[in-house]
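*Asks:* After the structure tokens below, expect a handful of questions from me.
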Amino acid sequence: QFHRVLSKLRRVLARFTMQEALDLCGKESGIIWHRKPVPQAPDALLSSVIHRQPSSTLYGRIVRLLRATFDSTGQRFAAGDQQGHVYVFDLARNRFSLVQRAGTPCTALAFNAKRKTELIIALSDYSVRCVNVESREVLGVMRGHDASVRHLSVHVSGRYALSTATDCSILWDLNTFRRKRTLNGAQDVGVQKAFFLPLSNTLLSCFKDDSIMAWDASTFSYRFRLHLPESTTDTAHLRAFAATHDGRTLVAAGKSQFLYVWALDTRKLIRIVQMPKRATQIREIEFLSDSFNGGANQVVAALASDGVVYFVNLLSCKLLFTIGNREQMIDNFALSNNGWYMACGMENGRVNVYSLQVFTNDVNQPPGPLVRAVRLNEAGLSYDEPTIASLEHSIHHQPSSRVDSVRKRKPVKRPQLRPPLSADQSETESEPLPQTLNADRLKTILRGYGQYPEKYRLFIWRSLLQLPENHATYAALIDRGTHDAYMRLHEQYPVKSRKLLRVLQRTLSALSHWAPIFGETPYLPFLTFPFVKMFQNNALLAFETVATILTNWCSHWFEYFPNPPFNVLNLIENLLSHHDASLLQHFISFEVTAQTYAWPLMQSLFSEVLTRSEWLQLWDNLFSHHPACLLYAVVAYLIHNRRVLLNCTDGDDFVHFFHHRNAVDINHILREIYHLQETTPSALKPERVLDTFQPLSKGQYPIFNKYPKFVVDYQVKERDRLRREEMTYLHERQAAMQLRQQAEERKLQEEAWFRQQKMLGEAEEQRRRALKVEEQKLVDQRLRLQALRREVKAQEMQVVDAARRRFMHYQQFQKEAEVRRLDDELQHKIVLREQETKAAIEDAEIQAMEIENQKALLEQDMAKRMEEGRVKLRSVHWAHDRQADVETSLLESALAEQQREERMRLVDAQRKLARSQQDASTICLDRELESRLNLDKLEREIEHADLARRSQLSRLANQELQTLMKRAEIEQREDAIEEQTELDIERQLGSKADERRRSWLANPDAHSQSDEFTRQRDVAQHRLHESLVTLREELDRRLAAVDPTHASVNRTIETASDSVPPLLERGRASLDQRETELLTDVRNMRRRLVESKAGRPMMTAVS
């Protein structure tokens, strides 16, 4: 009865939450929920979204939300309504926002798989839009359909989108928003659906004749076709299709109860699954994501015609759960890629968001580890290879979502097993651990670093504790529900995290169902909470870890229940008396027993006095050693804090110290633990009394009965009795409250009836008074109506009289206007006559001005003619003077030509003489240079012989001298070659001048024209000037290299070169004289140059 009442309350709360759904009326952004709901079975509703129009009534008209879709993250979905409003809901950030106002109903939605901020929207006006959900900007509009788009599919690259309508399917390029290819069906075979396969470049198209074809998305070439069995071709009517996330399986359904499953690798129909009888037709199907199957989804969600979504496992052909009912029918749905949420478009226009984790916790689990059976026979260790039957048995009993992962898992390396330890062997020796972990290596890591790596700590703990992971047994304990002892756990032990509180309550209840004593243990929540917090994402491991600790480290704690474990506390007191007797004596002197200084540490397993990191480091060491190490830890903690404890003299101080955190060095405590373990005598060692580590058994958990059963049973009976009395009291109290409530309701009903009768009487009296008032008003209204009629008649007479007077006034006004118009015309004619007179006078004045202008133009023409006559006379005089000048210039040119011939003969003779003298001087210089070189060679040989006898340093100097002499010789040869070249050039110039002179002498009449003579003279002067300038630059360079004191020669050459053109123009005599002087200067400079070059080697040798 209590559970029935609870279920009714849940239904009422569910209806209340449905009424308090998120209303989008007039909102563009906001939060989805003020407090995040905790979805629970059976509905698992997370949120409900409704859109009402603004209205003056309490509830406006509902705008239907038509479609919904999730993005690739699974944390955000978009929904579009009938008016074209598109909203985006972020479930992780608890926010929603309006991203688009299209103005027309939305028919399909899809997020871009690559560019996560892009949303593709299909509208009822046959257009497709691409919208940025963050900036709310329309990126592009695509048009090309002649019918409404029903489905959108985006390629995995995010570049292409496929829109499907009843007429065709169009492939769009999302970079340019242009149509790339169109897929049309025949007239009688329309396109049902077209979509991209995940993780592939294949495009599937499904037609209304149940044909399914595959195309290459890049080349659009035909690849293959999927066929239905011949027996089902008439009843299939496929219209819903879905592919797994790895693109290897395709499921199709339609107007029947069957799901057709194809393997796309082999392109064969592998299974036909029949749905429940109430699911007569399938409208939509999608695959539910699983975190551990690598995309090979096994659970499919199918929306049937009854408005219910069925979740079916395709391998086991079992119905897992359903969502929806006939009261809340689902029109369409969308699943998130992570398998956490489902957004459903309801028949009533809402969008409901469901949490699938409530249903899939048992389905979506990691696969178990692969193990092999190991036998110890005479030949040694042998491994049992699994047979086909055993494999089939394991696959049959294994969850369907993990079959593929089991087959693909690589074989585990064989562990090194050892025979079991004998009784006389040490308990600290290494023991074999599962999953290839070695105890010695773990202890080596522990000694080196003091703790295990944070990343692998939980895995190492699982291996050290050898947790069996008995899923079935644990599920049976959980199915018993919450234990009575922990129904009000949140009141006794408030925890901030509700999730953590639920896990803690579930773990404590499972422990209590396993062993009744744990339901009576008051400190069990303190002991369990740290491990539950460590394994809060895996309740099974948290339960088994705590159970292992209770059966090993706490095995003797319950022998004196409900009193503290005096036997264990005596062991701690013995250890303390041996290692620190003064501290124990201090405790005794202040009447502080082990229940004060040891039992609080043991109850919380040090979680109250240590920080998280210190606590983890401590239990890394405790899990790696004998369970008795916990007692050493208590004594080590006391010894480590002995100074503080010796200063305490009050009992409250001791209690406060052992219930609060203190600044301790955990590494020092660990070293003290190992020191105590090594130095404790064998007679005092707790290992002698306590049992060795025994892991939990696999399959079933061991029986825990190390406690006084009669005490626990008595407490259980007392608690049951108190619970029954409490329930009886609650029922009686509820009945009394119901009776009181009924009495109050009857009293309220009577008071309401009397109040209603009184109100009716008052209302009747009010109506009578109102009737009298209305009758009086009617009489008054009739009187007012008669007076109004009289007033209307009088007003009509006044209106007629006013109209007559207005008509007479209008006639008088018309006559006055006619008189004014005649006066205006008369004035206008007078003005026109005056304007015509004035225009005639102005014309006469203009004609007089034109006559004056013509007179002035005639005078200008006469002056121009006189000027032209003077210009003609001046030109005739100038032509006569020019002719006289030409005759004079011709005579002067003939005389100048004769002088030039004589001068050229003289220049030629002088050049020949200079050339012969230059050749003679060059030969003499060569002979003198040769003799000087021979002399230098003789002197150098003598000096070399002397220097060779003296020192090695002299040889090096002579070698350098020889090198310098060779360089000088090469320079002299180069100078001789250059001088010879210049001589050849001068000879060529002379020969060319002789040829020109001969040609002119041979035909003086042909060269008598002044223009040709002037041109050749200018050319000759220019060439002579260039040769002199070149010679001057060469001489300057050489003289500057030999002797810088010859600047006067440079100035002479510059003066000569600058003055050549004007001298040549003045006359022949001055030119010849100047040329002779220049040649003489050139010979002198050459001679000096040769002498300076000849004298340079001598100076080098002397130095």
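Each chain in the structure tokens gets a letter, A, B, ..., in the order shown, and its residues are numbered from 1; ligands are numbered from 1 in order too.
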What's around A:Phe89 at 8 Å? Count only C-alpha atoms, leave out sequence neighbours fewer than 5 positions away in its own chain, and write the answer as a VMD selection string.
*Replies:* chain A and resid 32 76 to 78 94 to 97
*Asks:* Just to confirm, what's the straight-line distance from atom CA of A:Thr679 to atom CA of A:Cys629 in Å (one decimal)?
*Replies:*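 That distance, rounded to one decimal, is 13.3 Å.
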*Asks:* Mind pulling up the distance from atom CA of A:Gly158 to atom CA of A:Leu119?
*Replies:*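 Atom-to-atom, atom CA of A:Leu119 to atom CA of A:Gly158, that is 11.2 Å.
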*Asks:* From a DSSP pass on the backbone, collect the residues of stretch 431-507 of chain A flagged as helix (DSSP H, G or I) and hand them back as a ChimeraX atom specification.
*Replies:* /A:439-449,457-465,471-479,484-486,489-492,498-507
*Asks:* Only C-alpha atoms, please: the residues just picked out, written as a short mmCIF file (atom, residue, chain, number, x, y, z; two decimals), in the first residue's frame.
*Replies:*
```cif
data_model
loop_
_atom_site.label_atom_id
_atom_site.label_comp_id
_atom_site.auth_asym_id
_atom_site.auth_seq_id
_atom_site.Cartn_x
_atom_site.Cartn_y
_atom_site.Cartn_z
CA ALA A 439 53.34 -7.49 -5.96
CA ASP A 440 57.13 -7.12 -5.72
CA ARG A 441 57.20 -4.52 -8.46
CA LEU A 442 54.36 -2.64 -6.84
CA LYS A 443 56.17 -2.62 -3.52
CA THR A 444 59.31 -1.40 -5.28
CA ILE A 445 57.33 1.52 -6.70
CA LEU A 446 55.84 2.13 -3.28
CA ARG A 447 59.24 2.23 -1.59
CA GLY A 448 60.66 4.54 -4.25
CA TYR A 449 57.83 7.06 -4.50
CA ARG A 457 45.76 4.07 -8.37
CA LEU A 458 42.22 2.66 -8.67
CA PHE A 459 43.36 -0.02 -11.09
CA ILE A 460 46.17 -1.04 -8.72
CA TRP A 461 43.76 -1.12 -5.79
CA ARG A 462 41.42 -3.39 -7.75
CA SER A 463 44.32 -5.69 -8.49
CA LEU A 464 45.67 -5.69 -4.92
CA LEU A 465 42.26 -6.37 -3.41
CA HIS A 471 27.60 -8.20 -11.07
CA ALA A 472 24.73 -10.63 -10.60
CA THR A 473 25.10 -10.91 -6.83
CA TYR A 474 25.49 -7.18 -6.43
CA ALA A 475 22.42 -6.59 -8.59
CA ALA A 476 20.44 -8.94 -6.38
CA LEU A 477 21.49 -6.97 -3.30
CA ILE A 478 20.60 -3.68 -4.98
CA ASP A 479 17.22 -5.00 -6.06
CA ASP A 484 15.42 0.52 6.61
CA ALA A 485 18.40 1.65 8.64
CA TYR A 486 19.43 4.11 5.94
CA LEU A 489 20.57 8.83 5.74
CA HIS A 490 20.33 12.37 4.35
CA GLU A 491 19.13 13.61 7.75
CA GLN A 492 21.86 11.94 9.76
CA ARG A 498 22.87 14.23 -4.31
CA LYS A 499 24.51 11.75 -6.64
CA LEU A 500 27.14 10.89 -4.07
CA LEU A 501 24.45 10.55 -1.40
CA ARG A 502 22.51 8.10 -3.56
CA VAL A 503 25.63 6.01 -4.21
CA LEU A 504 26.48 6.02 -0.49
CA GLN A 505 22.92 5.02 0.45
CA ARG A 506 22.91 2.27 -2.16
CA THR A 507 26.29 0.92 -0.98
#
```
*Asks:* Restricting the calculation to only C-alpha atoms: of A:Ala896, A:Cys168, A:Ala122, A:Leu226, which residue gets closest to A:Asn184?
*Replies:* A:Cys168
*Asks:* Could you tell me which of A:His513, A:Arg789, A:Arg900, A:Lys864 comes closest to A:Gly481 if we count only C-alpha atoms?
*Replies:*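 The closest residue to A:Gly481 is A:His513.
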*Asks:* Fewer than 3 positions away in the same chain doesn't count, so skip those; otherwise give me all residues within 8 Å of A:Ser48, counting only C-alpha atoms, as an mmCIF file with C-alpha atoms, in the first residue's frame.
*Replies:*
```
data_model
loop_
_atom_site.group_PDB
_atom_site.id
_atom_site.type_symbol
_atom_site.label_atom_id
_atom_site.label_comp_id
_atom_site.auth_asym_id
_atom_site.auth_seq_id
_atom_site.Cartn_x
_atom_site.Cartn_y
_atom_site.Cartn_z
ATOM 1 C CA MET A 18 4.455 18.725 -17.186
ATOM 2 C CA ALA A 21 7.041 23.128 -18.560
ATOM 3 C CA LEU A 22 9.393 25.631 -20.188
ATOM 4 C CA LEU A 45 11.391 12.991 -18.322
ATOM 5 C CA ARG A 350 5.423 20.024 -27.167
ATOM 6 C CA VAL A 351 9.001 18.783 -27.230
ATOM 7 C CA ASN A 352 9.854 16.414 -24.387
ATOM 8 C CA VAL A 353 13.486 15.669 -23.509
#
```
*Asks:* Neighbouring residues of A:Asp246 were defined as those with any atom within 9 Å, considering only C-alpha atoms; residues of the same chain fewer than 2 positions away were excluded. Please report them as a ChimeraX atom specification.
*Replies:* /A:197-200,243-244,248-249,294-297
*Asks:* Just write the chosen residues, N, CA, C and O atoms, as an mmCIF file, in the first residue's frame.
*Replies:*
```
data_model
loop_
_atom_site.group_PDB
_atom_site.id
_atom_site.type_symbol
_atom_site.label_atom_id
_atom_site.label_comp_id
_atom_site.auth_asym_id
_atom_site.auth_seq_id
_atom_site.Cartn_x
_atom_site.Cartn_y
_atom_site.Cartn_z
ATOM 1 N N LEU A 197 26.066 7.457 -45.598
ATOM 2 C CA LEU A 197 26.469 6.480 -44.592
ATOM 3 C C LEU A 197 27.558 7.072 -43.712
ATOM 4 O O LEU A 197 28.477 7.726 -44.207
ATOM 5 N N PRO A 198 27.513 6.853 -42.398
ATOM 6 C CA PRO A 198 28.565 7.408 -41.523
ATOM 7 C C PRO A 198 29.926 6.800 -41.831
ATOM 8 O O PRO A 198 30.037 5.630 -42.199
ATOM 9 N N LEU A 199 30.958 7.621 -41.687
ATOM 10 C CA LEU A 199 32.359 7.187 -41.824
ATOM 11 C C LEU A 199 32.627 6.534 -43.175
ATOM 12 O O LEU A 199 33.462 5.631 -43.280
ATOM 13 N N SER A 200 31.949 6.969 -44.219
ATOM 14 C CA SER A 200 32.188 6.423 -45.554
ATOM 15 C C SER A 200 31.804 7.468 -46.576
ATOM 16 O O SER A 200 31.245 8.512 -46.249
ATOM 17 N N ALA A 243 21.263 3.606 -40.224
ATOM 18 C CA ALA A 243 22.534 2.883 -40.319
ATOM 19 C C ALA A 243 23.301 3.054 -39.019
ATOM 20 O O ALA A 243 23.174 4.079 -38.327
ATOM 21 N N THR A 244 24.113 2.055 -38.675
ATOM 22 C CA THR A 244 24.940 2.142 -37.472
ATOM 23 C C THR A 244 26.014 3.197 -37.652
ATOM 24 O O THR A 244 26.302 3.636 -38.767
ATOM 25 N N ARG A 248 28.221 -0.141 -41.102
ATOM 26 C CA ARG A 248 28.311 -1.535 -41.550
ATOM 27 C C ARG A 248 26.973 -2.257 -41.515
ATOM 28 O O ARG A 248 26.874 -3.367 -42.033
ATOM 29 N N THR A 249 25.976 -1.677 -40.905
ATOM 30 C CA THR A 249 24.666 -2.333 -40.789
ATOM 31 C C THR A 249 23.585 -1.324 -41.131
ATOM 32 O O THR A 249 23.663 -0.157 -40.743
ATOM 33 N N GLY A 294 32.270 0.586 -30.162
ATOM 34 C CA GLY A 294 33.031 1.090 -31.301
ATOM 35 C C GLY A 294 32.190 1.446 -32.498
ATOM 36 O O GLY A 294 32.660 1.359 -33.630
ATOM 37 N N GLY A 295 30.944 1.870 -32.310
ATOM 38 C CA GLY A 295 30.086 2.265 -33.426
ATOM 39 C C GLY A 295 29.237 1.148 -33.968
ATOM 40 O O GLY A 295 28.377 1.391 -34.811
ATOM 41 N N ALA A 296 29.459 -0.100 -33.533
ATOM 42 C CA ALA A 296 28.635 -1.217 -33.991
ATOM 43 C C ALA A 296 27.399 -1.304 -33.098
ATOM 44 O O ALA A 296 27.294 -2.176 -32.236
ATOM 45 N N ASN A 297 26.463 -0.396 -33.296
ATOM 46 C CA ASN A 297 25.307 -0.295 -32.415
ATOM 47 C C ASN A 297 24.424 -1.531 -32.548
ATOM 48 O O ASN A 297 24.266 -2.086 -33.642
#
```
*Asks:* Could you pull out the strand (DSSP E) residues of stretch 137-270 of chain A from DSSP and send them as a PyMOL selection string?
*Replies:* chain A and resi 137-143+149-154+160-165+168-173+178-184+191-196+202-207+212-216+222-226+238-243+249-254+258-263+268-270
*Asks:* I'd like the contact shell of A:Cys25 - 10 Å cut-off, only C-alpha atoms, skipping same-chain residues fewer than 2 positions apart - returned as a ChimeraX atom specification.
*Replies:* /A:22-23,27-28,50-55,60,62-63
*Asks:* Take the residues from that selection and write them out as a CSV table (one decimal), in the first residue's frame, keeping N, CA and C atoms.
*Replies:*
```
chain,number,residue,atom,x,y,z
A,22,LEU,N,8.7,24.4,-19.7
A,22,LEU,CA,9.4,25.6,-20.2
A,22,LEU,C,8.5,26.2,-21.3
A,23,ASP,N,8.1,27.5,-21.1
A,23,ASP,CA,7.2,28.2,-22.1
A,23,ASP,C,8.1,29.2,-22.8
A,27,LYS,N,10.0,34.9,-25.5
A,27,LYS,CA,11.4,34.8,-25.0
A,27,LYS,C,12.3,34.5,-26.2
A,28,GLU,N,13.5,35.2,-26.1
A,28,GLU,CA,14.5,34.9,-27.1
A,28,GLU,C,15.7,34.2,-26.5
A,50,ILE,N,7.3,24.1,-24.4
A,50,ILE,CA,6.0,24.4,-25.1
A,50,ILE,C,6.1,25.9,-25.5
A,51,HIS,N,5.5,26.2,-26.6
A,51,HIS,CA,5.5,27.6,-27.2
A,51,HIS,C,4.0,28.0,-27.3
A,52,ARG,N,3.7,29.0,-26.5
A,52,ARG,CA,2.3,29.6,-26.6
A,52,ARG,C,2.4,31.0,-27.2
A,53,GLN,N,1.4,31.4,-27.9
A,53,GLN,CA,1.3,32.7,-28.4
A,53,GLN,C,0.8,33.7,-27.3
A,54,PRO,N,1.3,34.9,-27.3
A,54,PRO,CA,0.8,35.9,-26.3
A,54,PRO,C,-0.7,36.1,-26.4
A,55,SER,N,-1.4,36.1,-25.3
A,55,SER,CA,-2.8,36.2,-25.3
A,55,SER,C,-3.3,36.8,-24.0
A,60,GLY,N,-2.6,30.9,-23.9
A,60,GLY,CA,-2.8,31.3,-25.3
A,60,GLY,C,-2.7,30.0,-26.2
A,62,ILE,N,-1.4,27.3,-28.6
A,62,ILE,CA,-0.1,26.6,-28.6
A,62,ILE,C,0.4,26.6,-30.1
A,63,VAL,N,1.7,27.0,-30.2
A,63,VAL,CA,2.4,26.9,-31.5
A,63,VAL,C,3.1,25.6,-31.5
```
*Asks:* To one decimal in Å, tell me the separation between atom CA of A:Thr176 and atom CA of A:Ala242.
*Replies:* 28.7 Å
*Asks:* If we count only C-alpha atoms, what is near A:Tyr160 at a cut-off of 7 Å, once residues fewer than 2 positions away on the same chain are taken out, given as an MDAnalysis selection string?
*Replies:* chainID A and resid 154:155 158 162 171:174
*Asks:* Compare A:Thr182, A:Gln75, A:Asn552, A:Ser991 by their minimum atom-to-atom distance to A:Thr692, counting only C-alpha atoms, and give me the closest one.
*Replies:*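 When distances to A:Thr692 are compared using only C-alpha atoms, the smallest one comes from A:Asn552.
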*Asks:* Using only C-alpha atoms, which residues sit within 12 Å of A:Asn705 once same-chain residues fewer than 5 positions away are excluded, as a VMD selection string?
*Replies:* chain A and resid 514 to 518 550 to 551 555 to 559 561 710 712 to 713
*Asks:* Residues of the last selection are to be written out with all heavy atoms, as a tab-separated table (two decimals), in the first residue's frame.
*Replies:*
```tsv
chain	number	residue	atom	x	y	z
A	514	TRP	N	23.70	-7.71	2.82
A	514	TRP	CA	24.68	-8.81	2.79
A	514	TRP	C	24.91	-9.34	4.21
A	514	TRP	O	24.94	-10.56	4.43
A	514	TRP	CB	25.99	-8.28	2.17
A	514	TRP	CG	27.14	-9.24	2.25
A	514	TRP	CD1	27.12	-10.56	1.95
A	514	TRP	CD2	28.46	-8.93	2.68
A	514	TRP	NE1	28.36	-11.12	2.15
A	514	TRP	CE2	29.21	-10.13	2.61
A	514	TRP	CE3	29.09	-7.77	3.11
A	514	TRP	CZ2	30.55	-10.20	2.95
A	514	TRP	CZ3	30.42	-7.83	3.44
A	514	TRP	CH2	31.15	-9.03	3.36
A	515	ALA	N	25.11	-8.45	5.15
A	515	ALA	CA	25.31	-8.86	6.55
A	515	ALA	C	24.46	-7.95	7.42
A	515	ALA	O	24.63	-6.72	7.39
A	515	ALA	CB	26.78	-8.76	6.93
A	516	PRO	N	23.55	-8.48	8.21
A	516	PRO	CA	22.63	-7.62	8.99
A	516	PRO	C	23.34	-6.71	9.98
A	516	PRO	O	22.79	-5.66	10.34
A	516	PRO	CB	21.74	-8.65	9.71
A	516	PRO	CG	21.83	-9.89	8.89
A	516	PRO	CD	23.21	-9.91	8.32
A	517	ILE	N	24.55	-7.10	10.43
A	517	ILE	CA	25.22	-6.27	11.43
A	517	ILE	C	25.55	-4.89	10.90
A	517	ILE	O	25.60	-3.91	11.65
A	517	ILE	CB	26.50	-6.98	11.93
A	517	ILE	CG1	27.08	-6.23	13.13
A	517	ILE	CG2	27.51	-7.12	10.80
A	517	ILE	CD1	28.24	-6.91	13.78
A	518	PHE	N	25.76	-4.79	9.59
A	518	PHE	CA	26.15	-3.49	9.02
A	518	PHE	C	24.98	-2.52	9.01
A	518	PHE	O	25.18	-1.32	8.83
A	518	PHE	CB	26.70	-3.68	7.62
A	518	PHE	CG	27.96	-4.51	7.57
A	518	PHE	CD1	28.11	-5.53	6.65
A	518	PHE	CD2	28.97	-4.29	8.50
A	518	PHE	CE1	29.25	-6.30	6.62
A	518	PHE	CE2	30.12	-5.05	8.47
A	518	PHE	CZ	30.27	-6.07	7.53
A	550	LEU	N	36.13	-4.68	5.24
A	550	LEU	CA	35.41	-5.16	6.42
A	550	LEU	C	35.77	-6.61	6.74
A	550	LEU	O	35.83	-7.00	7.91
A	550	LEU	CB	33.91	-5.03	6.20
A	550	LEU	CG	33.36	-3.60	6.16
A	550	LEU	CD1	31.89	-3.60	5.77
A	550	LEU	CD2	33.55	-2.90	7.49
A	551	THR	N	36.00	-7.42	5.72
A	551	THR	CA	36.31	-8.84	5.96
A	551	THR	C	37.78	-9.09	6.26
A	551	THR	O	38.11	-10.20	6.70
A	551	THR	CB	35.90	-9.66	4.74
A	551	THR	OG1	36.55	-9.13	3.57
A	551	THR	CG2	34.39	-9.61	4.54
A	555	SER	N	37.94	-7.44	10.38
A	555	SER	CA	37.29	-8.74	10.59
A	555	SER	C	37.00	-9.01	12.06
A	555	SER	O	36.02	-9.68	12.40
A	555	SER	CB	38.16	-9.86	10.01
A	555	SER	OG	39.45	-9.84	10.63
A	556	HIS	N	37.82	-8.52	13.00
A	556	HIS	CA	37.65	-8.78	14.42
A	556	HIS	C	37.05	-7.59	15.17
A	556	HIS	O	37.13	-7.53	16.40
A	556	HIS	CB	39.01	-9.14	15.05
A	556	HIS	CG	39.59	-10.40	14.49
A	556	HIS	ND1	39.26	-11.66	14.95
A	556	HIS	CD2	40.50	-10.60	13.49
A	556	HIS	CE1	39.93	-12.57	14.28
A	556	HIS	NE2	40.69	-11.95	13.38
A	557	TRP	N	36.49	-6.67	14.45
A	557	TRP	CA	35.94	-5.49	15.10
A	557	TRP	C	34.57	-5.74	15.72
A	557	TRP	O	34.12	-4.94	16.55
A	557	TRP	CB	35.82	-4.33	14.10
A	557	TRP	CG	37.14	-3.74	13.69
A	557	TRP	CD1	38.37	-4.27	13.86
A	557	TRP	CD2	37.31	-2.49	13.03
A	557	TRP	NE1	39.33	-3.46	13.35
A	557	TRP	CE2	38.70	-2.33	12.82
A	557	TRP	CE3	36.45	-1.50	12.59
A	557	TRP	CZ2	39.24	-1.22	12.20
A	557	TRP	CZ3	36.98	-0.38	11.97
A	557	TRP	CH2	38.38	-0.24	11.77
A	558	PHE	N	33.89	-6.78	15.31
A	558	PHE	CA	32.49	-6.95	15.68
A	558	PHE	C	32.27	-8.10	16.67
A	558	PHE	O	31.15	-8.54	16.87
A	558	PHE	CB	31.64	-7.19	14.42
A	558	PHE	CG	31.88	-6.17	13.35
A	558	PHE	CD1	32.76	-6.42	12.31
A	558	PHE	CD2	31.23	-4.94	13.40
A	558	PHE	CE1	32.96	-5.48	11.33
A	558	PHE	CE2	31.44	-3.99	12.42
A	558	PHE	CZ	32.32	-4.27	11.38
A	559	GLU	N	33.34	-8.59	17.25
A	559	GLU	CA	33.21	-9.71	18.19
A	559	GLU	C	32.57	-9.27	19.51
A	559	GLU	O	31.97	-10.09	20.21
A	559	GLU	CB	34.58	-10.33	18.45
A	559	GLU	CG	35.19	-10.98	17.21
A	559	GLU	CD	36.57	-11.54	17.46
A	559	GLU	OE1	37.05	-11.40	18.61
A	559	GLU	OE2	37.16	-12.09	16.52
A	561	PHE	N	30.44	-6.62	19.65
A	561	PHE	CA	29.39	-5.69	19.24
A	561	PHE	C	28.24	-5.74	20.24
A	561	PHE	O	27.88	-6.82	20.73
A	561	PHE	CB	28.91	-6.05	17.84
A	561	PHE	CG	27.94	-5.07	17.26
A	561	PHE	CD1	28.37	-3.92	16.66
A	561	PHE	CD2	26.56	-5.31	17.35
A	561	PHE	CE1	27.47	-3.02	16.13
A	561	PHE	CE2	25.68	-4.43	16.83
A	561	PHE	CZ	26.11	-3.27	16.22
A	710	PHE	N	23.00	-12.91	18.36
A	710	PHE	CA	21.81	-12.65	19.16
A	710	PHE	C	21.62	-11.17	19.42
A	710	PHE	O	20.50	-10.65	19.46
A	710	PHE	CB	21.89	-13.43	20.48
A	710	PHE	CG	22.97	-12.96	21.40
A	710	PHE	CD1	22.73	-12.02	22.40
A	710	PHE	CD2	24.29	-13.44	21.28
A	710	PHE	CE1	23.72	-11.59	23.24
A	710	PHE	CE2	25.28	-13.00	22.12
A	710	PHE	CZ	25.01	-12.08	23.10
A	712	VAL	N	22.66	-8.70	17.40
A	712	VAL	CA	22.21	-8.09	16.15
A	712	VAL	C	20.76	-8.44	15.88
A	712	VAL	O	19.95	-7.59	15.46
A	712	VAL	CB	23.12	-8.53	15.00
A	712	VAL	CG1	22.60	-7.97	13.69
A	712	VAL	CG2	24.54	-8.08	15.25
A	713	ASP	N	20.41	-9.73	16.12
A	713	ASP	CA	19.02	-10.11	15.88
A	713	ASP	C	18.08	-9.34	16.80
A	713	ASP	O	16.98	-8.92	16.38
A	713	ASP	CB	18.85	-11.61	16.12
A	713	ASP	CG	19.60	-12.42	15.07
A	713	ASP	OD1	19.94	-11.84	14.02
A	713	ASP	OD2	19.87	-13.62	15.31
```
